[in-house]
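Student: Contents of input-v9.txt (compact mmCIF, C-alpha atoms and all ligand atoms) are below:
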# COMPACT_ATOMS: atom_id res chain seq x y z
CA MET A 1 83.11 90.64 87.70
CA ASN A 2 82.53 91.68 84.13
CA MET A 3 84.93 94.43 83.37
CA LYS A 4 85.37 95.86 79.93
CA LYS A 5 88.71 94.89 78.48
CA SER A 6 89.70 98.48 77.84
CA GLN A 7 89.06 99.28 81.51
CA ALA A 8 91.08 96.33 82.72
CA GLU A 9 94.00 97.48 80.61
CA ASN A 10 93.77 100.96 82.02
CA ILE A 11 93.93 99.96 85.67
CA LEU A 12 96.85 101.27 87.68
CA ILE A 13 99.61 98.75 88.28
CA ASP A 14 102.47 100.13 90.34
CA VAL A 15 105.38 97.88 91.25
CA ASN A 16 108.10 98.71 93.78
CA SER A 17 111.83 98.20 93.36
CA GLU A 18 111.52 94.66 94.72
CA GLY A 19 108.87 93.74 92.18
CA LYS A 20 106.04 93.82 94.70
CA ILE A 21 102.72 95.35 93.69
CA ILE A 22 101.87 98.53 95.57
CA ASP A 23 98.22 98.20 96.50
CA TRP A 24 96.94 101.74 96.00
CA ARG A 25 93.39 100.45 95.71
CA ALA A 26 93.43 98.86 99.18
CA LYS A 27 94.71 102.10 100.76
CA LYS A 28 92.07 104.12 98.97
CA MET A 29 89.30 101.69 100.01
CA SER A 30 90.42 101.92 103.66
CA SER A 31 90.40 105.71 103.50
CA LEU A 32 86.90 105.67 102.04
CA GLY A 33 85.80 103.35 104.86
CA LEU A 34 87.18 105.67 107.52
CA ALA A 35 85.70 108.70 105.75
CA LYS A 36 82.30 107.04 106.09
CA SER A 37 82.86 106.60 109.80
CA TYR A 38 83.82 110.28 110.17
CA LYS A 39 80.67 111.27 108.30
CA ASN A 40 78.54 109.16 110.66
CA ILE A 41 80.29 110.66 113.67
CA SER A 42 79.64 114.20 112.40
CA GLU A 43 75.90 113.40 112.39
CA LYS A 44 75.89 111.68 115.77
CA ILE A 45 77.88 114.40 117.50
CA LYS A 46 75.67 117.29 116.36
CA SER A 47 73.59 117.55 119.51
CA GLU A 48 76.64 117.12 121.77
CA TYR A 49 78.43 119.89 119.88
CA GLU A 50 75.33 122.10 120.11
CA SER A 51 75.12 121.68 123.87
CA ARG A 52 78.84 122.49 124.16
CA GLY A 53 78.33 125.64 122.10
CA VAL A 54 80.65 124.51 119.33
CA HIS A 55 81.15 127.26 116.78
CA SER A 56 83.48 128.18 113.92
CA ARG A 57 86.20 130.70 114.57
CA TYR A 58 87.59 132.99 111.95
CA LYS A 59 90.57 135.24 111.78
CA LYS A 60 90.80 138.44 109.80
CA VAL A 61 93.25 138.18 106.94
CA LYS A 62 94.31 141.29 105.06
CA ARG A 63 95.25 141.06 101.44
CA LYS A 64 96.67 143.81 99.28
CA ILE A 65 95.19 144.48 95.89
CA LYS A 66 97.64 145.57 93.23
CA ASN A 67 97.05 147.03 89.81
CA GLU A 68 98.87 145.90 86.68
CA ALA A 69 101.76 148.22 87.43
CA GLY A 70 102.16 146.59 90.83
CA ASP A 71 100.95 149.55 92.89
CA ILE A 72 98.81 148.81 95.90
CA THR A 73 95.35 150.10 95.16
CA GLY A 74 93.46 148.72 98.10
CA ILE A 75 93.19 146.20 100.88
CA VAL A 76 90.63 143.42 101.21
CA VAL A 77 89.87 141.99 104.62
CA SER A 78 88.44 138.49 104.66
CA ASP A 79 87.47 136.00 107.36
CA GLU A 80 89.53 132.82 107.15
CA PRO A 81 88.20 129.77 109.05
CA MET A 82 90.36 128.58 111.98
CA GLY A 83 88.35 125.53 112.95
CA LEU A 84 85.71 124.59 115.51
CA TYR A 85 85.83 125.60 119.18
CA ASP A 86 83.58 124.84 122.14
CA ASN A 87 82.36 127.41 124.67
CA THR A 88 85.36 126.81 126.94
CA GLY A 89 87.64 127.87 124.06
CA LYS A 90 88.91 124.37 123.35
CA ARG A 91 89.40 123.31 119.75
CA VAL A 92 87.34 120.31 118.73
CA VAL A 93 87.50 117.91 115.80
CA ASN A 94 85.58 118.92 112.69
CA TYR A 95 84.46 115.43 111.66
CA GLU A 96 82.44 116.63 108.71
CA LYS A 97 85.39 118.41 107.15
CA ARG A 98 87.65 115.45 107.80
CA ALA A 99 85.18 113.09 106.16
CA GLU A 100 85.02 115.31 103.11
CA ASN A 101 88.81 115.69 102.86
CA MET A 102 89.46 111.99 103.37
CA ARG A 103 86.88 111.02 100.77
CA PHE A 104 88.98 112.73 98.12
CA CYS A 105 92.37 111.65 99.47
CA GLY A 106 94.54 110.39 96.62
CA SER A 107 91.73 110.73 94.11
CA TYR A 108 94.27 111.58 91.48
CA LEU A 109 97.81 110.31 91.10
CA GLU A 110 100.31 111.50 88.56
CA PHE A 111 103.35 109.37 87.74
CA ALA A 112 106.42 109.78 85.62
CA LYS A 113 107.22 106.54 83.84
CA ILE A 114 110.95 105.87 84.07
CA GLU A 115 112.00 102.65 82.46
CA ASP A 116 109.52 100.12 83.85
CA ARG A 117 108.81 101.93 87.07
CA LEU A 118 106.30 104.56 88.06
CA LYS A 119 107.46 107.47 90.12
CA LEU A 120 104.76 109.47 91.87
CA ILE A 121 105.11 113.16 91.05
CA LYS A 122 101.73 114.63 92.03
CA ALA A 123 98.84 113.60 94.25
CA ASN A 124 96.23 115.11 96.52
CA PHE A 125 96.71 113.63 99.99
CA CYS A 126 94.31 114.79 102.72
CA ARG A 127 96.65 114.67 105.76
CA VAL A 128 93.76 113.83 108.06
CA PRO A 129 95.21 112.07 111.13
CA LEU A 130 94.46 108.32 110.92
CA CYS A 131 93.75 108.40 107.17
CA PRO A 132 95.10 105.02 105.99
CA MET A 133 96.39 106.41 102.69
CA CYS A 134 98.24 109.21 104.48
CA GLN A 135 99.44 106.94 107.31
CA TRP A 136 101.07 104.78 104.66
CA ARG A 137 102.75 107.74 102.98
CA LYS A 138 103.86 109.06 106.38
CA SER A 139 105.37 105.71 107.30
CA MET A 140 107.50 105.83 104.14
CA ARG A 141 108.46 109.41 104.90
CA ILE A 142 109.53 108.42 108.41
CA PHE A 143 111.59 105.54 107.10
CA PHE A 144 113.31 107.88 104.66
CA ASP A 145 113.93 110.67 107.21
CA THR A 146 115.10 108.33 109.96
CA SER A 147 117.50 106.61 107.55
CA LYS A 148 119.01 109.98 106.70
CA ILE A 149 119.36 110.91 110.37
CA MET A 150 120.95 107.58 111.25
CA LYS A 151 123.40 107.84 108.38
CA LEU A 152 124.83 110.99 109.95
CA VAL A 153 124.66 109.54 113.46
CA GLU A 154 126.78 106.62 112.27
CA GLN A 155 129.32 108.92 110.67
CA ARG A 156 129.63 111.32 113.56
CA TYR A 157 129.04 109.07 116.54
CA PRO A 158 130.16 105.58 115.57
CA LYS A 159 130.09 104.51 119.21
CA TYR A 160 126.39 105.20 119.72
CA ILE A 161 124.24 102.12 119.90
CA PRO A 162 120.46 102.08 119.59
CA VAL A 163 118.37 100.46 122.28
CA PHE A 164 114.75 99.69 121.41
CA LEU A 165 112.28 100.33 124.15
CA THR A 166 108.54 99.71 124.43
CA LEU A 167 106.83 101.42 127.35
CA THR A 168 103.31 100.35 128.07
CA VAL A 169 100.52 100.99 130.53
CA ARG A 170 97.50 98.82 131.27
CA ASN A 171 94.64 98.91 128.80
CA CYS A 172 92.04 101.57 129.38
CA SER A 173 88.38 101.94 128.49
CA VAL A 174 87.51 103.69 125.25
CA VAL A 175 86.18 106.80 127.01
CA ASN A 176 89.28 107.07 129.22
CA LEU A 177 91.83 107.20 126.42
CA LYS A 178 92.24 110.96 126.51
CA ASN A 179 93.07 111.10 130.24
CA ASN A 180 95.34 108.15 129.83
CA LEU A 181 97.29 109.89 127.09
CA ASP A 182 97.65 113.05 129.18
CA ASN A 183 99.22 110.88 131.81
CA ILE A 184 101.64 108.96 129.63
CA PHE A 185 102.79 112.04 127.71
CA ASN A 186 103.59 113.73 131.03
CA GLY A 187 105.19 110.47 132.07
CA TRP A 188 107.45 110.55 129.03
CA ASN A 189 108.68 114.05 129.90
CA ASP A 190 109.44 113.04 133.47
CA PHE A 191 111.10 109.88 132.22
CA MET A 192 113.48 111.76 129.91
CA ARG A 193 114.25 114.40 132.54
CA SER A 194 114.73 111.88 135.34
CA LYS A 195 117.88 111.75 137.45
CA THR A 196 118.28 108.12 136.46
CA LEU A 197 118.78 109.06 132.82
CA ASN A 198 120.58 112.32 133.67
CA PRO A 199 122.74 111.51 136.71
CA GLU A 200 124.87 114.15 138.36
CA VAL A 201 128.55 113.55 137.80
CA LYS A 202 130.97 115.99 139.45
CA GLY A 203 128.29 118.64 139.71
CA GLU A 204 127.21 118.27 136.12
CA ARG A 205 124.30 116.51 134.50
CA LYS A 206 125.38 113.63 132.35
CA GLN A 207 123.01 112.45 129.66
CA ILE A 208 122.86 108.71 129.28
CA VAL A 209 120.53 108.95 126.30
CA LYS A 210 122.36 110.84 123.57
CA GLY A 211 119.54 110.87 121.08
CA TRP A 212 116.05 109.47 120.90
CA PHE A 213 112.96 108.96 118.88
CA ARG A 214 109.52 108.13 120.21
CA ALA A 215 106.18 107.36 118.67
CA LEU A 216 102.82 106.66 120.24
CA GLU A 217 100.97 103.60 119.10
CA ILE A 218 97.40 102.87 120.13
CA THR A 219 95.88 99.49 119.47
CA TYR A 220 92.29 98.50 120.12
CA ASN A 221 91.25 95.22 121.67
CA ASP A 222 87.79 94.30 120.42
CA LYS A 223 87.40 91.40 122.90
CA THR A 224 87.68 93.67 125.91
CA ASP A 225 86.66 96.91 124.17
CA THR A 226 89.75 98.69 125.44
CA PHE A 227 92.61 100.74 124.07
CA HIS A 228 96.23 99.87 124.57
CA PRO A 229 98.35 103.02 124.25
CA HIS A 230 102.13 102.58 124.35
CA PHE A 231 105.34 104.24 123.31
CA HIS A 232 107.91 102.83 120.96
CA ALA A 233 111.21 104.50 121.57
CA ILE A 234 114.72 104.28 120.23
CA MET A 235 117.47 105.52 122.49
CA LEU A 236 121.03 106.05 121.42
CA VAL A 237 123.49 105.26 124.18
CA ASP A 238 127.25 105.23 124.20
CA LYS A 239 128.93 101.85 123.85
CA SER A 240 130.39 102.28 127.34
CA TYR A 241 126.85 102.23 128.79
CA PHE A 242 126.67 98.46 128.47
CA LYS A 243 129.73 97.89 130.64
CA GLY A 244 129.54 100.72 133.14
CA SER A 245 127.47 101.45 136.22
CA ASP A 246 124.88 103.36 134.17
CA TYR A 247 123.63 100.11 132.68
CA MET A 248 119.95 99.46 133.36
CA ARG A 249 118.37 96.04 133.53
CA THR A 250 114.75 95.51 132.46
CA GLU A 251 113.57 95.89 136.06
CA ASP A 252 115.34 99.25 136.26
CA TRP A 253 113.50 100.51 133.18
CA VAL A 254 110.22 99.20 134.62
CA LYS A 255 110.89 101.02 137.89
CA LEU A 256 111.72 104.26 136.12
CA TRP A 257 108.66 104.14 133.83
CA ARG A 258 106.42 103.24 136.78
CA LYS A 259 107.64 106.24 138.70
CA SER A 260 107.55 108.64 135.72
CA ALA A 261 104.05 107.67 134.60
CA LYS A 262 102.88 107.60 138.26
CA LEU A 263 101.54 104.07 138.03
CA ASP A 264 100.58 101.92 141.02
CA TYR A 265 101.69 98.70 139.31
CA ASP A 266 104.76 97.44 137.45
CA PRO A 267 104.19 98.21 133.78
CA VAL A 268 105.34 95.93 130.97
CA CYS A 269 108.49 97.25 129.32
CA ASP A 270 110.44 95.62 126.56
CA ILE A 271 114.08 96.47 126.00
CA ARG A 272 116.32 95.15 123.31
CA ARG A 273 119.61 95.95 121.67
CA THR A 274 120.18 96.23 117.99
CA ARG A 275 120.95 92.83 116.50
CA THR A 276 123.83 93.83 114.30
CA ASP A 277 126.26 96.68 114.18
CA ASN A 278 126.09 96.96 110.42
CA GLY A 279 122.35 96.96 109.86
CA LYS A 280 121.79 99.47 112.65
CA ARG A 281 120.55 102.26 110.41
CA LYS A 282 117.97 100.13 108.62
CA GLU A 283 116.80 98.52 111.83
CA VAL A 284 116.20 101.89 113.46
CA ALA A 285 114.36 103.20 110.38
CA GLU A 286 112.23 100.03 110.28
CA VAL A 287 111.18 100.43 113.89
CA ALA A 288 110.36 104.09 113.31
CA LYS A 289 108.32 103.25 110.22
CA TYR A 290 106.44 100.45 111.91
CA THR A 291 104.85 102.83 114.38
CA TYR A 292 102.94 104.55 111.59
CA LYS A 293 101.04 101.57 110.35
CA ASP A 294 97.34 101.63 109.56
CA ALA A 295 94.75 102.18 112.21
CA GLU A 296 93.95 98.51 112.66
CA ILE A 297 90.49 99.30 113.97
CA LEU A 298 89.33 99.37 110.39
CA ASN A 299 90.22 95.74 109.95
CA LYS A 300 88.32 94.50 112.98
CA LYS A 301 84.87 93.05 112.65
CA LEU A 302 82.89 95.67 114.49
CA SER A 303 79.36 96.94 114.00
CA ASP A 304 79.22 100.33 112.30
CA ASP A 305 78.08 101.98 115.53
CA LYS A 306 80.91 100.47 117.52
CA LYS A 307 83.45 101.43 114.89
CA ASP A 308 82.18 105.01 114.87
CA GLU A 309 82.46 105.17 118.65
CA VAL A 310 86.01 103.81 118.69
CA VAL A 311 87.12 106.14 115.89
CA LYS A 312 85.51 109.10 117.64
CA TYR A 313 87.30 108.57 120.95
CA LEU A 314 90.57 107.78 119.24
CA SER A 315 90.41 110.91 117.06
CA GLY A 316 89.41 113.11 119.97
CA ALA A 317 92.18 111.74 122.18
CA ILE A 318 95.02 112.25 119.69
CA HIS A 319 93.78 115.64 118.50
CA GLY A 320 96.59 118.19 118.69
CA ARG A 321 99.22 115.84 120.13
CA ARG A 322 102.70 115.21 118.81
CA LEU A 323 102.56 111.51 118.20
CA TYR A 324 106.05 111.34 116.85
CA ALA A 325 109.22 113.13 117.97
CA TYR A 326 113.01 113.14 117.90
CA GLY A 327 115.26 114.27 120.73
CA GLY A 328 118.94 114.88 121.47
CA VAL A 329 121.36 114.39 118.56
CA MET A 330 118.59 112.92 116.40
CA LYS A 331 116.63 116.14 116.80
CA GLU A 332 119.71 118.25 116.10
CA ILE A 333 120.42 116.34 112.89
CA ALA A 334 116.76 116.50 111.82
CA ALA A 335 116.94 120.29 112.20
CA GLU A 336 120.23 120.44 110.33
CA LEU A 337 118.72 118.43 107.46
CA LYS A 338 115.68 120.72 107.65
CA LEU A 339 113.38 117.73 107.99
CA LYS A 340 109.80 118.75 108.56
CA ASP A 341 107.47 117.33 111.13
CA VAL A 342 105.77 114.33 109.52
CA ASP A 343 102.40 116.07 109.73
CA LYS A 344 103.70 118.79 107.43
CA ALA A 345 106.21 116.84 105.37
CA ASP A 346 106.03 116.09 101.68
CA LEU A 347 104.11 112.82 101.25
CA ILE A 348 104.97 112.47 97.58
CA LYS A 349 108.75 112.29 97.63
CA THR A 350 109.17 109.56 100.18
CA SER A 351 112.18 107.58 99.04
CA ASP A 352 115.58 107.59 97.39
CA ASP A 353 113.79 106.97 94.11
CA TYR A 354 113.47 110.70 93.95
CA GLU A 355 117.11 111.08 93.36
CA ILE A 356 116.58 109.32 90.01
CA ASN A 357 116.84 111.83 87.23
CA SER A 358 113.36 112.82 86.12
CA SER A 359 114.59 113.77 82.67
CA LEU A 360 114.70 110.02 81.96
CA ALA A 361 110.92 109.95 82.03
CA LYS A 362 109.32 108.99 78.75
CA MET A 363 105.74 109.41 79.78
CA ILE A 364 103.48 111.11 82.31
CA LEU A 365 100.52 109.01 83.42
CA THR A 366 97.59 110.38 85.37
CA TYR A 367 95.22 108.02 87.18
CA HIS A 368 91.90 108.94 88.75
CA TRP A 369 89.94 107.04 91.35
CA ASN A 370 87.09 105.56 89.39
CA VAL A 371 84.03 105.11 91.60
CA GLY A 372 82.25 102.80 89.15
CA VAL A 373 85.19 100.42 88.82
CA SER A 374 86.34 100.89 92.41
CA ASN A 375 89.90 101.24 91.24
CA TYR A 376 92.38 103.66 89.71
CA THR A 377 92.01 104.03 85.97
CA LEU A 378 94.12 105.91 83.48
CA ALA A 379 92.80 109.39 82.82
CA LYS A 380 95.59 110.99 80.85
CA LYS A 381 98.78 109.91 79.12
CA ILE A 382 101.38 112.34 77.87
CA GLU A 383 104.30 111.09 75.79
CA LEU A 384 107.34 113.20 76.40
CA ALA A 385 109.51 114.27 73.49
CA GLU A 386 112.97 112.64 73.37
CA SER A 387 115.49 114.62 75.33
CA ASP A 388 117.03 117.27 73.10
CA ASP A 389 120.51 116.96 74.58
CA ASN A 390 121.92 116.44 71.09
CA ALA A 391 120.20 119.42 69.58
ZN ZN B 401 94.63 110.96 103.38
What does this structure look like when you write it as structure tokens?

Tutor:
Amino acid sequence: MNMKKSQAENILIDVNSEGKIIDWRAKKMSSLGLAKSYKNISEKIKSEYESRGVHSRYKKVKRKIKNEAGDITGIVVSDEPMGLYDNTGKRVVNYEKRAENMRFCGSYLEFAKIEDRLKLIKANFCRVPLCPMCQWRKSMRIFFDTSKIMKLVEQRYPKYIPVFLTLTVRNCSVVNLKNNLDNIFNGWNDFMRSKTLNPEVKGERKQIVKGWFRALEITYNDKTDTFHPHFHAIMLVDKSYFKGSDYMRTEDWVKLWRKSAKLDYDPVCDIRRTRTDNGKRKEVAEVAKYTYKDAEILNKKLSDDKKDEVVKYLSGAIHGRRLYAYGGVMKEIAAELKLKDVDKADLIKTSDDYEINSSLAKMILTYHWNVGVSNYTLAKKIELAESDDNA
């Protein structure tokens, strides 16, 4: 490709603390690809939405008007959009709006240059579920949050040991994903409330799982055209669990998950202990992070129509669900640290880097997504005056 030298020099190069290049371009390209799919879906679904009586709902919002002196001089009532609803009152996905939002996701990035590194300080992320750019930012956020939670768990409960659990069900057809998810989410609740995990001891309920985290992952199998929804969970148990009568073998977990999810077959469950006692915190955070990887559907070789169909059923099925949650002591600590739900959390400050003093920054660099070049190019550069500490 013939690229002007000046353009090549102005292309964003962001390197992480390990010297690895952060591929912003690839994330942005994936988001654009998914945005295209959402746009197609919005066209294809028009007649279905019409027949279901899909309409916009608004709520009245009152705003006070004040004069310069701060006195209230009037009230304006406006209609604020609440989203799309069908004629049964159920909220439905607004694919057109999602496509539009995702198309502009991360279209500008502002960095502070500190020594040789770039630190993101501003960006416009769309927060559309499944957006690859946002999924990536969320995965970093989850790693950061879970590390913080585990740090306190280790300090306060040194005897708690994480057990990693994968709970699966059989693959389901694309159109059945929604029903399947209803079932496994109910199954999870029954699982956690079960007598097996909360046995009665001297008239009181004893909790075997002291804290937990769970995330839903859905993979797509293009050979069989099916979805494979499953939970990744981390359960904190007391050290004594491994030696006492509470201990559960793999077949016990299988039995409990089978019963909870009301399955008529033995589901595949994977259970493993943390490998080390020292690296426990990192291992837990890694597992948590892993669950928020890209929607791999985008990487499969599917026809556009097939891709649109898969994306549509996947989006519809996860709409409004909590894909990610903490429980027990992990939930308590998350609340104490005032950690926000990942869907609402800050996607800019996603690592310890943010504890670096920003006053060390020498430069502010703003990059824009450049459609012609298909990459991020420098749009603005501001040199910061030397710190006036000595003044
Ligand atoms: Zn996004």

Student: Select from chain A every residue with an atom at most 6 Å from any atom of ligand ZN 401 (chain B), then for each give the shortest pair of atoms and their distance in Å to one decimal, using only C-alpha atoms and all ligand atoms, rows by chain and rising number, as JSON lines.

Tutor:
{"residue": "A:Met102", "atom": "CA", "partner": "B:ZN401", "partner_atom": "ZN", "distance": 5.3}
{"residue": "A:Cys105", "atom": "CA", "partner": "B:ZN401", "partner_atom": "ZN", "distance": 4.6}
{"residue": "A:Phe125", "atom": "CA", "partner": "B:ZN401", "partner_atom": "ZN", "distance": 4.8}
{"residue": "A:Cys126", "atom": "CA", "partner": "B:ZN401", "partner_atom": "ZN", "distance": 3.9}
{"residue": "A:Arg127", "atom": "CA", "partner": "B:ZN401", "partner_atom": "ZN", "distance": 4.8}
{"residue": "A:Val128", "atom": "CA", "partner": "B:ZN401", "partner_atom": "ZN", "distance": 5.6}
{"residue": "A:Cys131", "atom": "CA", "partner": "B:ZN401", "partner_atom": "ZN", "distance": 4.7}
{"residue": "A:Met133", "atom": "CA", "partner": "B:ZN401", "partner_atom": "ZN", "distance": 4.9}
{"residue": "A:Cys134", "atom": "CA", "partner": "B:ZN401", "partner_atom": "ZN", "distance": 4.2}

Student: Tell me, as a PDB file with C-alpha atoms, in the coordinates of the input, which residues lie within 12 Å of Glu100 in chain A, counting only C-alpha atoms; anything in the same chain fewer than 3 positions away does not count.

Tutor:
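Saved as selection01.pdb:
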ATOM      1  CA  SER A  31      90.400 105.710 103.500  1.00  0.00           C
ATOM      2  CA  LEU A  32      86.900 105.670 102.040  1.00  0.00           C
ATOM      3  CA  LEU A  34      87.180 105.670 107.520  1.00  0.00           C
ATOM      4  CA  ALA A  35      85.700 108.700 105.750  1.00  0.00           C
ATOM      5  CA  LYS A  36      82.300 107.040 106.090  1.00  0.00           C
ATOM      6  CA  SER A  37      82.860 106.600 109.800  1.00  0.00           C
ATOM      7  CA  TYR A  38      83.820 110.280 110.170  1.00  0.00           C
ATOM      8  CA  LYS A  39      80.670 111.270 108.300  1.00  0.00           C
ATOM      9  CA  ASN A  40      78.540 109.160 110.660  1.00  0.00           C
ATOM     10  CA  SER A  42      79.640 114.200 112.400  1.00  0.00           C
ATOM     11  CA  ASN A  94      85.580 118.920 112.690  1.00  0.00           C
ATOM     12  CA  TYR A  95      84.460 115.430 111.660  1.00  0.00           C
ATOM     13  CA  GLU A  96      82.440 116.630 108.710  1.00  0.00           C
ATOM     14  CA  LYS A  97      85.390 118.410 107.150  1.00  0.00           C
ATOM     15  CA  ARG A 103      86.880 111.020 100.770  1.00  0.00           C
ATOM     16  CA  PHE A 104      88.980 112.730  98.120  1.00  0.00           C
ATOM     17  CA  CYS A 105      92.370 111.650  99.470  1.00  0.00           C
ATOM     18  CA  CYS A 126      94.310 114.790 102.720  1.00  0.00           C
ATOM     19  CA  ARG A 127      96.650 114.670 105.760  1.00  0.00           C
ATOM     20  CA  VAL A 128      93.760 113.830 108.060  1.00  0.00           C
ATOM     21  CA  CYS A 131      93.750 108.400 107.170  1.00  0.00           C
TER      22      CYS A 131
END

Student: List every protein, DNA or RNA residue with an atom no more than 10 Å from (86.5, 101.4, 95.7) in the file's coordinates, counting only C-alpha atoms, and format the result as an MDAnalysis selection string.

Tutor: chainID A and resid 25:33 369:376

Student: Could you check the closest approach to Arg52 in chain A for each of A:Leu314, A:Ile333, A:Leu236, A:Val92 and tell me which residue wins, using only C-alpha atoms?

Tutor: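 Nearest to Arg52 in chain A: A:Val92.
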
Student: Within 12 Å of (108.1, 100.8, 113.2) (coordinates as in the file), grab all the protein and nucleic acid residues, counting only C-alpha atoms, and write them out as number ranges by chain.

Tutor: A: 136, 138-143, 146, 164-166, 213-217, 231-234, 282-294, 324

Student: Choose the residue, out of A:Leu12, A:Ala334, A:Ile121, A:Val237, that has the smallest atom-to-atom separation from Pro162 in chain A; count all atoms listed in the file.

Tutor: A:Val237

Student: List as a PyMOL selection string the protein and nucleic acid residues near Val153 in chain A, meaning an atom at most 10 Å away when only C-alpha atoms are counted, but skip any in the same chain fewer than 2 places from it.

Tutor: chain A and resi 147-151+155-161+211+236+281+329-330+333

Student: Take the residues just selected and output them with C-alpha atoms as a PDB file, in the frame of the given file.

Tutor:
ATOM      1  CA  SER A 147     117.500 106.610 107.550  1.00  0.00           C
ATOM      2  CA  LYS A 148     119.010 109.980 106.700  1.00  0.00           C
ATOM      3  CA  ILE A 149     119.360 110.910 110.370  1.00  0.00           C
ATOM      4  CA  MET A 150     120.950 107.580 111.250  1.00  0.00           C
ATOM      5  CA  LYS A 151     123.400 107.840 108.380  1.00  0.00           C
ATOM      6  CA  GLN A 155     129.320 108.920 110.670  1.00  0.00           C
ATOM      7  CA  ARG A 156     129.630 111.320 113.560  1.00  0.00           C
ATOM      8  CA  TYR A 157     129.040 109.070 116.540  1.00  0.00           C
ATOM      9  CA  PRO A 158     130.160 105.580 115.570  1.00  0.00           C
ATOM     10  CA  LYS A 159     130.090 104.510 119.210  1.00  0.00           C
ATOM     11  CA  TYR A 160     126.390 105.200 119.720  1.00  0.00           C
ATOM     12  CA  ILE A 161     124.240 102.120 119.900  1.00  0.00           C
ATOM     13  CA  GLY A 211     119.540 110.870 121.080  1.00  0.00           C
ATOM     14  CA  LEU A 236     121.030 106.050 121.420  1.00  0.00           C
ATOM     15  CA  ARG A 281     120.550 102.260 110.410  1.00  0.00           C
ATOM     16  CA  VAL A 329     121.360 114.390 118.560  1.00  0.00           C
ATOM     17  CA  MET A 330     118.590 112.920 116.400  1.00  0.00           C
ATOM     18  CA  ILE A 333     120.420 116.340 112.890  1.00  0.00           C
TER      19      ILE A 333
END

Student: Would you pick out the contacts of Thr224 in chain A at 10 Å or less, using all atoms listed in the file, so that residues sharing its chain but fewer than 6 positions from it are not included, and give the list as a list in words?

Tutor: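 Surrounding residues, per the criterion: Asn171, Cys172 and Ser173 of chain A.
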